[in-house]
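Asker: Just start.cif, nothing more (mmCIF, C-alpha atoms and all ligand atoms):
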data_final
#
loop_
_atom_site.label_atom_id
_atom_site.label_comp_id
_atom_site.auth_asym_id
_atom_site.auth_seq_id
_atom_site.Cartn_x
_atom_site.Cartn_y
_atom_site.Cartn_z
CA MET A 1 99.71 86.05 102.94
CA PRO A 2 96.55 87.04 104.90
CA THR A 3 93.32 86.60 102.99
CA THR A 4 89.90 88.24 103.33
CA ALA A 5 86.60 86.77 102.15
CA LEU A 6 83.58 89.00 101.52
CA THR A 7 80.60 86.63 101.65
CA ASP A 8 76.81 86.79 101.39
CA ILE A 9 76.98 89.61 98.83
CA GLY A 10 73.42 90.28 97.57
CA THR A 11 74.51 91.78 94.23
CA LEU A 12 78.12 91.72 93.06
CA VAL A 13 79.21 93.98 90.19
CA THR A 14 82.35 92.44 88.65
CA ASN A 15 82.49 94.43 85.36
CA ASP A 16 83.55 91.14 83.77
CA PRO A 17 80.87 89.64 81.49
CA ALA A 18 82.62 86.26 81.80
CA LEU A 19 81.85 86.21 85.54
CA GLY A 20 78.14 87.10 85.48
CA ASP A 21 75.20 88.66 83.68
CA GLY A 22 75.39 91.54 81.20
CA PRO A 23 78.14 94.11 80.72
CA LEU A 24 78.45 94.52 84.51
CA GLY A 25 79.00 90.78 85.02
CA ILE A 26 76.45 90.71 87.85
CA ARG A 27 76.30 87.77 90.26
CA ARG A 28 73.82 87.18 93.07
CA ASP A 29 74.64 85.52 96.44
CA ALA A 30 78.29 85.96 95.65
CA ALA A 31 81.64 86.14 97.39
CA VAL A 32 84.99 87.76 96.67
CA VAL A 33 88.30 86.67 98.21
CA PHE A 34 91.44 88.75 98.20
CA ASP A 35 94.92 88.46 99.60
CA ASP A 36 96.67 91.52 100.95
CA LYS A 37 96.45 93.41 97.64
CA THR A 38 94.77 91.41 94.88
CA VAL A 39 91.48 89.68 94.15
CA VAL A 40 92.17 85.93 94.05
CA TRP A 41 88.69 84.39 93.78
CA VAL A 42 85.14 85.35 92.73
CA GLY A 43 82.18 82.97 92.87
CA ASP A 44 79.10 81.75 94.76
CA SER A 45 78.99 82.63 98.43
CA ALA A 46 78.27 79.02 99.39
CA ALA A 47 81.46 77.88 97.63
CA ALA A 48 83.81 80.55 99.03
CA PRO A 49 87.16 79.16 100.18
CA ALA A 50 88.22 79.70 103.78
CA ALA A 51 90.07 82.95 104.52
CA ASP A 52 91.88 84.49 107.48
CA THR A 53 89.24 87.20 107.80
CA GLY A 54 85.58 86.71 106.92
CA VAL A 55 83.18 89.59 106.32
CA ASP A 56 79.51 88.57 106.10
CA LEU A 57 77.83 91.33 104.11
CA GLY A 58 74.29 90.23 104.92
CA GLY A 59 72.98 90.68 101.38
CA ARG A 60 74.60 94.07 100.69
CA ALA A 61 75.80 95.04 97.22
CA VAL A 62 79.53 95.09 96.42
CA LEU A 63 81.08 97.00 93.52
CA PRO A 64 84.58 97.82 92.31
CA GLY A 65 85.82 101.02 93.95
CA PHE A 66 84.98 104.12 91.94
CA VAL A 67 87.73 105.44 89.65
CA GLU A 68 87.76 109.23 89.84
CA THR A 69 89.63 110.50 86.79
CA HIS A 70 89.10 114.24 87.04
CA SER A 71 89.79 116.32 90.13
CA HIS A 72 91.44 119.61 91.02
CA LEU A 73 92.36 119.27 94.69
CA VAL A 74 95.51 121.40 94.99
CA PHE A 75 94.01 124.79 95.77
CA ALA A 76 93.25 127.26 98.54
CA GLY A 77 90.20 129.34 99.30
CA ASP A 78 86.59 128.80 98.29
CA ARG A 79 84.20 130.42 95.86
CA ALA A 80 80.89 129.95 97.64
CA GLU A 81 79.86 133.54 96.98
CA GLU A 82 80.60 133.22 93.26
CA PHE A 83 78.41 130.09 93.30
CA ALA A 84 75.61 131.96 95.04
CA ALA A 85 75.88 134.83 92.53
CA ARG A 86 75.78 132.37 89.64
CA MET A 87 72.69 130.70 91.07
CA ALA A 88 71.18 134.21 91.21
CA GLY A 89 71.71 134.58 87.49
CA ARG A 90 75.31 135.51 86.68
CA PRO A 91 76.71 133.19 83.97
CA TYR A 92 79.94 131.16 84.35
CA GLY A 93 82.97 132.06 82.22
CA ALA A 94 86.49 130.62 82.38
CA GLY A 95 87.78 133.67 84.32
CA GLY A 96 86.64 132.65 87.84
CA ILE A 97 89.64 130.30 87.97
CA ARG A 98 91.86 133.37 88.50
CA THR A 99 90.32 133.88 91.97
CA THR A 100 91.60 130.46 93.00
CA ILE A 101 94.99 131.06 91.37
CA GLU A 102 95.45 134.09 93.61
CA ALA A 103 94.52 132.19 96.79
CA THR A 104 96.64 129.16 95.84
CA ARG A 105 99.77 131.20 95.17
CA ALA A 106 99.38 132.81 98.61
CA ALA A 107 99.02 129.47 100.44
CA THR A 108 101.83 127.48 102.07
CA ASP A 109 102.74 123.96 100.94
CA GLU A 110 101.31 122.66 104.21
CA GLN A 111 97.98 124.39 103.63
CA LEU A 112 97.75 123.00 100.09
CA ALA A 113 98.66 119.48 101.23
CA ALA A 114 96.08 119.63 104.04
CA ASN A 115 93.42 120.58 101.50
CA VAL A 116 94.34 117.63 99.25
CA ALA A 117 94.33 115.27 102.25
CA ARG A 118 90.89 116.48 103.34
CA LEU A 119 89.35 116.03 99.90
CA MET A 120 91.07 112.69 99.26
CA ASP A 121 89.55 111.45 102.51
CA GLU A 122 86.14 112.78 101.47
CA SER A 123 86.49 110.98 98.11
CA LEU A 124 87.38 107.72 99.83
CA ARG A 125 84.31 107.92 102.06
CA ALA A 126 82.25 108.44 98.88
CA GLY A 127 83.73 105.21 97.45
CA SER A 128 86.55 106.46 95.21
CA THR A 129 89.55 104.16 95.58
CA THR A 130 91.59 105.77 92.77
CA VAL A 131 91.66 109.56 92.42
CA GLU A 132 93.44 111.48 89.69
CA CYS A 133 94.60 114.94 90.78
CA LYS A 134 95.48 117.94 88.64
CA SER A 135 97.63 120.99 89.22
CA GLY A 136 96.47 124.16 87.50
CA TYR A 137 95.92 126.81 90.17
CA GLY A 138 99.55 127.95 90.28
CA GLN A 139 100.25 128.83 86.65
CA THR A 140 103.83 129.83 87.49
CA VAL A 141 106.70 127.38 87.16
CA ALA A 142 107.26 127.28 90.93
CA ASP A 143 103.57 126.99 91.84
CA GLU A 144 102.84 124.28 89.26
CA LEU A 145 105.92 122.37 90.39
CA ARG A 146 104.87 122.38 94.03
CA SER A 147 101.31 121.49 92.98
CA VAL A 148 102.36 118.31 91.14
CA VAL A 149 104.80 117.36 93.92
CA ILE A 150 102.07 117.76 96.57
CA ALA A 151 99.54 115.82 94.43
CA GLY A 152 102.12 113.02 94.07
CA ARG A 153 102.12 112.49 97.83
CA PHE A 154 98.51 111.30 97.54
CA THR A 155 98.17 109.58 94.14
CA ASP A 156 100.12 108.09 91.24
CA GLU A 157 97.66 109.70 88.82
CA VAL A 158 99.08 113.22 88.74
CA THR A 159 98.15 115.58 85.91
CA LEU A 160 100.04 118.71 84.99
CA LEU A 161 97.29 121.14 83.99
CA ALA A 162 99.92 123.55 82.76
CA ALA A 163 97.49 125.69 80.81
CA HIS A 164 94.25 126.21 82.77
CA VAL A 165 93.67 129.91 82.04
CA PRO A 166 96.24 132.57 81.14
CA PRO A 167 97.20 133.99 84.57
CA PRO A 168 96.68 137.72 85.29
CA GLU A 169 100.30 138.67 84.54
CA TYR A 170 99.83 137.21 81.03
CA ALA A 171 96.46 138.88 80.37
CA GLY A 172 96.14 139.38 76.63
CA ARG A 173 99.39 137.45 76.06
CA ALA A 174 98.26 133.83 76.01
CA ASP A 175 100.85 132.95 73.33
CA ASP A 176 103.65 134.19 75.59
CA TYR A 177 102.26 132.13 78.46
CA VAL A 178 102.13 129.01 76.27
CA ALA A 179 105.72 129.59 75.15
CA MET A 180 106.82 129.78 78.80
CA VAL A 181 104.83 126.64 79.67
CA CYS A 182 106.47 124.67 76.84
CA ALA A 183 110.02 125.93 77.41
CA GLU A 184 110.18 126.06 81.21
CA MET A 185 107.23 124.63 83.10
CA ILE A 186 106.75 121.30 81.35
CA PRO A 187 110.44 120.24 81.38
CA LEU A 188 110.66 120.91 85.12
CA CYS A 189 107.29 119.45 86.15
CA ALA A 190 107.08 116.42 83.82
CA PRO A 191 109.12 114.07 86.07
CA HIS A 192 106.45 114.51 88.77
CA ALA A 193 103.40 113.83 86.60
CA ARG A 194 101.90 111.13 84.37
CA TRP A 195 99.49 113.28 82.36
CA ILE A 196 99.46 116.63 80.53
CA ASP A 197 96.18 118.53 80.35
CA VAL A 198 94.92 121.81 78.88
CA PHE A 199 91.66 123.79 79.04
CA CYS A 200 90.76 124.23 75.37
CA GLU A 201 87.90 126.74 75.51
CA GLN A 202 86.97 130.31 74.62
CA GLY A 203 88.59 132.51 77.27
CA ALA A 204 91.21 129.83 78.02
CA PHE A 205 93.37 128.36 75.19
CA ASP A 206 92.63 127.94 71.49
CA ARG A 207 93.43 124.97 69.28
CA GLU A 208 96.99 125.99 68.35
CA GLN A 209 97.90 126.89 71.92
CA ALA A 210 96.41 123.68 73.29
CA HIS A 211 98.21 121.67 70.61
CA ALA A 212 101.53 123.27 71.55
CA VAL A 213 101.08 122.49 75.26
CA LEU A 214 100.02 118.89 74.71
CA SER A 215 102.80 118.28 72.18
CA ALA A 216 105.41 119.62 74.60
CA GLY A 217 104.02 117.35 77.30
CA ILE A 218 104.14 114.33 74.98
CA ALA A 219 107.77 115.17 74.11
CA HIS A 220 108.54 114.98 77.84
CA GLY A 221 106.88 111.59 78.29
CA LEU A 222 103.44 112.70 79.48
CA VAL A 223 100.17 111.33 78.09
CA PRO A 224 97.54 113.85 77.01
CA ARG A 225 94.06 114.44 78.36
CA VAL A 226 91.98 117.47 77.46
CA HIS A 227 89.33 119.73 78.98
CA GLY A 228 87.21 120.19 75.88
CA ASN A 229 83.82 121.34 74.67
CA GLN A 230 82.62 122.35 78.13
CA LEU A 231 80.97 125.69 77.42
CA HIS A 232 80.89 125.85 73.61
CA GLN A 233 81.44 123.67 70.58
CA GLY A 234 85.11 123.91 69.79
CA PRO A 235 88.22 122.05 68.72
CA GLY A 236 88.89 120.16 72.00
CA VAL A 237 87.39 116.81 71.03
CA GLN A 238 89.07 116.68 67.61
CA LEU A 239 92.40 117.72 69.10
CA ALA A 240 92.16 115.03 71.78
CA VAL A 241 91.45 112.34 69.20
CA GLU A 242 94.19 113.59 66.86
CA LEU A 243 96.81 113.43 69.63
CA GLY A 244 95.62 110.08 71.02
CA ALA A 245 94.51 111.55 74.36
CA ALA A 246 93.37 109.03 76.97
CA SER A 247 90.29 111.15 77.60
CA VAL A 248 88.50 114.33 76.65
CA ASP A 249 86.54 115.68 79.55
CA HIS A 250 83.25 117.64 79.79
CA VAL A 251 82.07 117.08 76.16
CA ALA A 252 78.87 119.00 76.84
CA HIS A 253 78.77 120.74 73.44
CA VAL A 254 79.70 118.43 70.56
CA SER A 255 78.93 118.11 66.87
CA ALA A 256 78.02 114.94 64.99
CA ALA A 257 81.57 114.96 63.60
CA ASP A 258 82.96 115.07 67.17
CA ILE A 259 80.89 112.04 68.12
CA ASP A 260 82.05 110.17 65.02
CA ALA A 261 85.67 110.99 65.81
CA LEU A 262 85.32 109.74 69.39
CA ALA A 263 83.53 106.56 68.30
CA GLY A 264 86.40 105.68 65.99
CA SER A 265 89.09 106.37 68.59
CA GLU A 266 90.63 105.07 71.80
CA THR A 267 89.82 108.38 73.53
CA VAL A 268 87.28 108.11 76.35
CA ALA A 269 84.60 110.80 76.76
CA THR A 270 84.58 111.68 80.45
CA LEU A 271 81.33 113.34 81.44
CA LEU A 272 81.31 115.67 84.47
CA PRO A 273 77.63 116.29 85.22
CA GLY A 274 78.45 117.84 88.62
CA ALA A 275 80.03 120.77 86.77
CA ASP A 276 77.02 121.16 84.48
CA PHE A 277 74.73 120.96 87.51
CA CYS A 278 76.68 123.62 89.46
CA THR A 279 76.96 126.01 86.49
CA ARG A 280 73.54 125.38 84.94
CA ASN A 281 75.42 124.48 81.77
CA SER A 282 73.59 122.13 79.43
CA TYR A 283 74.29 118.47 80.08
CA PRO A 284 76.18 116.35 77.57
CA ASP A 285 74.15 114.20 75.20
CA ALA A 286 75.25 110.96 76.81
CA ARG A 287 72.74 108.91 74.82
CA ALA A 288 74.16 110.11 71.51
CA LEU A 289 77.69 109.26 72.69
CA LEU A 290 76.77 105.83 74.06
CA ASP A 291 74.55 104.92 71.13
CA ALA A 292 77.42 105.79 68.75
CA GLY A 293 79.70 103.40 70.64
CA VAL A 294 81.83 106.00 72.44
CA THR A 295 83.42 104.78 75.68
CA VAL A 296 82.03 106.98 78.46
CA ALA A 297 83.46 107.63 81.94
CA LEU A 298 81.99 109.70 84.76
CA GLY A 299 83.98 112.07 86.98
CA ALA A 300 83.04 114.38 89.83
CA ASP A 301 85.43 117.18 88.75
CA CYS A 302 85.97 118.33 92.33
CA ASN A 303 87.15 121.95 92.17
CA PRO A 304 86.31 125.05 94.18
CA GLY A 305 84.65 126.96 91.34
CA THR A 306 82.30 124.84 89.30
CA SER A 307 81.80 121.46 90.95
CA TYR A 308 82.71 121.37 94.62
CA THR A 309 81.73 117.74 95.11
CA THR A 310 83.77 114.57 95.53
CA SER A 311 80.72 112.33 95.22
CA LEU A 312 80.58 109.92 92.30
CA PRO A 313 77.31 108.51 93.71
CA PHE A 314 75.83 112.01 93.22
CA CYS A 315 77.17 112.07 89.66
CA ILE A 316 75.73 108.61 88.98
CA ALA A 317 72.32 109.90 90.11
CA LEU A 318 72.66 112.92 87.79
CA ALA A 319 73.80 110.70 84.92
CA VAL A 320 70.73 108.52 85.30
CA ARG A 321 68.16 111.25 85.96
CA ASP A 322 69.41 114.01 83.68
CA LEU A 323 71.79 112.40 81.14
CA ARG A 324 69.43 109.47 80.61
CA MET A 325 72.07 106.85 81.14
CA THR A 326 70.79 103.57 82.57
CA PRO A 327 71.90 102.81 86.14
CA ASP A 328 74.10 100.03 84.75
CA GLU A 329 75.74 102.40 82.23
CA ALA A 330 76.37 105.00 84.93
CA VAL A 331 77.90 102.51 87.36
CA TRP A 332 80.10 101.08 84.58
CA ALA A 333 81.20 104.59 83.59
CA ALA A 334 82.23 105.45 87.18
CA THR A 335 84.26 102.23 87.56
CA ALA A 336 85.42 100.45 84.39
CA GLY A 337 85.00 103.61 82.29
CA GLY A 338 87.22 105.53 84.68
CA ALA A 339 89.84 102.80 84.52
CA GLN A 340 89.88 103.07 80.71
CA ALA A 341 90.17 106.86 80.96
CA LEU A 342 93.31 106.30 83.04
CA ARG A 343 94.47 103.46 80.76
CA ARG A 344 94.51 101.07 83.69
CA THR A 345 93.60 97.36 83.55
CA ASP A 346 94.29 96.64 87.23
CA ILE A 347 91.34 98.63 88.64
CA GLY A 348 87.65 99.22 87.85
CA ALA A 349 86.66 95.54 88.05
CA LEU A 350 86.45 92.68 90.54
CA ARG A 351 88.00 89.61 88.94
CA PRO A 352 91.03 87.52 89.89
CA GLY A 353 94.24 89.44 89.34
CA VAL A 354 93.02 93.02 89.79
CA ARG A 355 93.71 95.26 92.75
CA ALA A 356 91.39 94.53 95.66
CA ASP A 357 89.50 97.85 95.56
CA ALA A 358 85.88 97.26 96.54
CA ILE A 359 82.96 99.09 98.10
CA ALA A 360 79.95 97.74 99.95
CA LEU A 361 76.62 99.59 99.96
CA ASP A 362 73.93 99.86 102.62
CA ALA A 363 71.63 98.54 99.90
CA PRO A 364 70.93 95.22 98.16
CA SER A 365 71.96 96.37 94.65
CA HIS A 366 73.94 98.95 92.72
CA LEU A 367 70.65 100.38 91.38
CA HIS A 368 70.19 102.12 94.72
CA LEU A 369 73.05 104.54 93.90
CA ALA A 370 70.67 106.35 91.54
CA TYR A 371 67.42 105.23 93.19
CA ARG A 372 68.37 106.83 96.53
CA PRO A 373 70.01 110.12 95.50
CA GLY A 374 71.86 112.08 98.16
CA VAL A 375 71.88 109.20 100.65
CA PRO A 376 75.34 108.15 101.88
CA LEU A 377 75.11 104.47 100.97
CA ILE A 378 78.81 103.59 101.08
CA SER A 379 79.24 101.38 104.15
CA GLN A 380 82.75 99.96 103.66
CA VAL A 381 85.68 100.65 101.35
CA TRP A 382 88.62 98.30 100.77
CA ARG A 383 91.63 99.71 98.96
CA GLY A 384 94.42 97.38 97.94
CA GLY A 385 92.85 94.71 100.15
CA VAL A 386 92.84 96.92 103.26
CA LEU A 387 89.65 98.13 104.93
CA ALA A 388 90.19 101.86 104.45
CA TYR A 389 86.77 103.12 105.58
CA SER A 390 83.87 101.68 107.51
CA LYS A 391 80.71 103.52 108.56
ZN ZN A 401 88.51 120.15 85.29
#
Here is a file; write its structure as structure tokens.

Answerer:
Amino acid sequence: MPTTALTDIGTLVTNDPALGDGPLGIRRDAAVVFDDKTVVWVGDSAAAPAADTGVDLGGRAVLPGFVETHSHLVFAGDRAEEFAARMAGRPYGAGGIRTTIEATRAATDEQLAANVARLMDESLRAGSTTVECKSGYGQTVADELRSVVIAGRFTDEVTLLAAHVPPPEYAGRADDYVAMVCAEMIPLCAPHARWIDVFCEQGAFDREQAHAVLSAGIAHGLVPRVHGNQLHQGPGVQLAVELGAASVDHVAHVSAADIDALAGSETVATLLPGADFCTRNSYPDARALLDAGVTVALGADCNPGTSYTTSLPFCIALAVRDLRMTPDEAVWAATAGGAQALRRTDIGALRPGVRADAIALDAPSHLHLAYRPGVPLISQVWRGGVLAYSK
């Protein structure tokens, strides 16, 4: 089996406290060796075993590949003018999604797949080696089915966002839409997805409707995740905890009781500061969540309406500057936190036995991800042991 040794790593983030300092398990002057898919050795550069291929990193930093747990890539069209109008003062409501639903329904499978491919490639070049992908811009049985099938060509982490907003033909009849989703859409789409998701928000779906959708998904073998508490305080967080969701995402408007519920649960709070940035929504209180012991992940939430970015480095910079997370907390959230939000133990770290997903930076440490905002620092990306991108 061919092996690769990354040597002369200035700062190595392992996310394994047994392998180095602090929660990130940081080592200096380190090396990582992997075979064709898996990390097999981590240690001092001077002690690295011989490998078939050697990569001298010249003091660069190496991290686990980013784990992107929240993206909406199956869509057509763009909403640049809506963004410009919002920046000029018009507030964001849940209804803008309908613009993308219209464009997505009108697109061919090939056009939708090309859009996913383009954004997956963009994510990879920004360091994301695992990318979850949601449906949610079809909102008919046929359009959601083709959305999850297309997403499945690019990732194993496919989410059926069956209830994103009530589509135009169900205006004022959200209960009827939910009944159709539960009876028809979920049974047909579930074999092509791992996760069931719902947008629990004013203007989208209320607690009972969201509960019905998630319960139907669970009955068909899907695991729940929830869009909750993005624009207002609401029932999303409590519902996610009650149903054992892997993650509740956004969490920008929460009560003390919500934080307590999350802290006592296995549900990860996935923060999406790119969406708050692009909508001028208030940022989540990351400090309150972290200080209460909640597990926090970071996602980019790539979508054409409210966060048209695939860059987790950008989100790390926002998390540090505006959410007051430390650089170490933000890097952990975008790697190990993401892995927990996807209930994966084989990614989000660099220790023997995990998948060989690693990124090298044009910088001596991971701190530069926040210290040098907007600068494309990702110099190399290995996915499953293969060099998938190099500057
Ligand atoms: Zn979303």

Asker: Taking into account all atoms listed in the file, which residue in the set A:Leu57, A:Leu145, A:Leu342, A:Leu369 is nearest to Leu318 of chain A?

Answerer: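 Among the listed residues, the smallest separation from Leu318 of chain A belongs to A:Leu369.
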
Asker: Name each residue within 9 Å of ligand ZN 401 (chain A), counting only C-alpha atoms and all ligand atoms, as a PyMOL selection string.

Answerer: chain A and resi 70-72+134+161+164+199+226-227+249-250+272+275+301-303+306-307

Asker: Compare A:Val40, A:Asn281, A:His368, A:Leu239 by their minimum atom-to-atom distance to Thr267 of chain A, counting only C-alpha atoms, and give me the closest one.

Answerer: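 Of A:Val40, A:Asn281, A:His368, A:Leu239, the one nearest Thr267 of chain A is A:Leu239, counting only C-alpha atoms.
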
Asker: Write out as a PDB file with C-alpha atoms, keeping the file's coordinate frame the residues lying within 8 Å of Asp52 of chain A, counting only C-alpha atoms and excluding same-chain residues fewer than 5 positions away.

Answerer:
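Wrote it out as result-v9.pdb, contents follow:
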ATOM      1  CA  PRO A   2      96.550  87.040 104.900  1.00  0.00           C
ATOM      2  CA  THR A   3      93.320  86.600 102.990  1.00  0.00           C
ATOM      3  CA  THR A   4      89.900  88.240 103.330  1.00  0.00           C
ATOM      4  CA  ALA A   5      86.600  86.770 102.150  1.00  0.00           C
TER       5      ALA A   5
END

Asker: Write out as a list in words which residues come within 10 Å of Trp41 of chain A when counting all atoms listed in the file, dropping same-chain ones fewer than 6 positions away.

Answerer: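 Selected residues are Ala5, Ala31, Val32, Val33, Phe34, Asp35, Ala48, Pro49, Leu350, Arg351, Pro352 and Gly353 of chain A.
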
Asker: Excluding same-chain residues fewer than 3 positions from segment 312-317 of chain A, what lies within 8 Å of it counting all atoms listed in the file, as an MDAnalysis selection string?

Answerer: chainID A and resid 66 68 126:128 272:274 298:300 320:321 327 330:331 334 369:371 373:374

Asker: Taking into account all atoms listed in the file, which residue in the set A:Ile347, A:Ala18, A:Ala106, A:Val241 is nearest to Ala261 of chain A?

Answerer: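 Selected residue with least distance to Ala261 of chain A: A:Val241.
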
Asker: So what do you get for atom CA of Cys182 of chain A versus atom CA of Ser215 of chain A, distance-wise?

Answerer: 8.7 Å

Asker: Atoms are missing here; could segment 59-82 of chain A be completed with N, CA and C atoms and written as a tab-separated table (two decimals), in the coordinates of the input?

Answerer:
chain	number	residue	atom	x	y	z
A	59	GLY	N	73.81	90.36	102.55
A	59	GLY	CA	72.98	90.68	101.38
A	59	GLY	C	73.25	92.04	100.77
A	60	ARG	N	74.26	92.77	101.29
A	60	ARG	CA	74.60	94.07	100.69
A	60	ARG	C	75.19	93.90	99.29
A	61	ALA	N	75.15	95.01	98.54
A	61	ALA	CA	75.80	95.04	97.22
A	61	ALA	C	77.28	95.36	97.38
A	62	VAL	N	78.09	94.78	96.49
A	62	VAL	CA	79.53	95.09	96.42
A	62	VAL	C	79.89	95.44	94.98
A	63	LEU	N	80.66	96.51	94.84
A	63	LEU	CA	81.08	97.00	93.52
A	63	LEU	C	82.59	97.22	93.54
A	64	PRO	N	83.21	97.31	92.34
A	64	PRO	CA	84.58	97.82	92.31
A	64	PRO	C	84.60	99.24	92.87
A	65	GLY	N	85.69	99.63	93.51
A	65	GLY	CA	85.82	101.02	93.95
A	65	GLY	C	85.68	101.96	92.76
A	66	PHE	N	85.11	103.15	93.02
A	66	PHE	CA	84.98	104.12	91.94
A	66	PHE	C	86.36	104.62	91.52
A	67	VAL	N	86.48	104.92	90.22
A	67	VAL	CA	87.73	105.44	89.65
A	67	VAL	C	87.48	106.89	89.25
A	68	GLU	N	87.96	107.80	90.07
A	68	GLU	CA	87.76	109.23	89.84
A	68	GLU	C	88.91	109.74	88.96
A	69	THR	N	88.58	110.16	87.75
A	69	THR	CA	89.63	110.50	86.79
A	69	THR	C	89.79	111.98	86.57
A	70	HIS	N	89.06	112.81	87.33
A	70	HIS	CA	89.10	114.24	87.04
A	70	HIS	C	88.87	115.02	88.34
A	71	SER	N	89.97	115.48	88.95
A	71	SER	CA	89.79	116.32	90.13
A	71	SER	C	90.90	117.35	90.25
A	72	HIS	N	90.53	118.47	90.83
A	72	HIS	CA	91.44	119.61	91.02
A	72	HIS	C	91.50	119.86	92.53
A	73	LEU	N	92.40	119.19	93.22
A	73	LEU	CA	92.36	119.27	94.69
A	73	LEU	C	93.44	120.16	95.28
A	74	VAL	N	94.42	120.57	94.45
A	74	VAL	CA	95.51	121.40	94.99
A	74	VAL	C	95.12	122.87	94.82
A	75	PHE	N	94.46	123.40	95.85
A	75	PHE	CA	94.01	124.79	95.77
A	75	PHE	C	93.80	125.31	97.18
A	76	ALA	N	93.62	126.62	97.27
A	76	ALA	CA	93.25	127.26	98.54
A	76	ALA	C	92.02	128.14	98.29
A	77	GLY	N	91.36	128.44	99.37
A	77	GLY	CA	90.20	129.34	99.30
A	77	GLY	C	88.92	128.63	98.87
A	78	ASP	N	87.82	129.36	98.87
A	78	ASP	CA	86.59	128.80	98.29
A	78	ASP	C	85.85	129.90	97.53
A	79	ARG	N	84.91	129.48	96.73
A	79	ARG	CA	84.20	130.42	95.86
A	79	ARG	C	82.69	130.28	96.05
A	80	ALA	N	82.31	130.13	97.33
A	80	ALA	CA	80.89	129.95	97.64
A	80	ALA	C	80.06	131.16	97.19
A	81	GLU	N	80.65	132.36	97.35
A	81	GLU	CA	79.86	133.54	96.98
A	81	GLU	C	79.70	133.67	95.47
A	82	GLU	N	80.74	133.24	94.73
A	82	GLU	CA	80.60	133.22	93.26
A	82	GLU	C	79.50	132.23	92.86
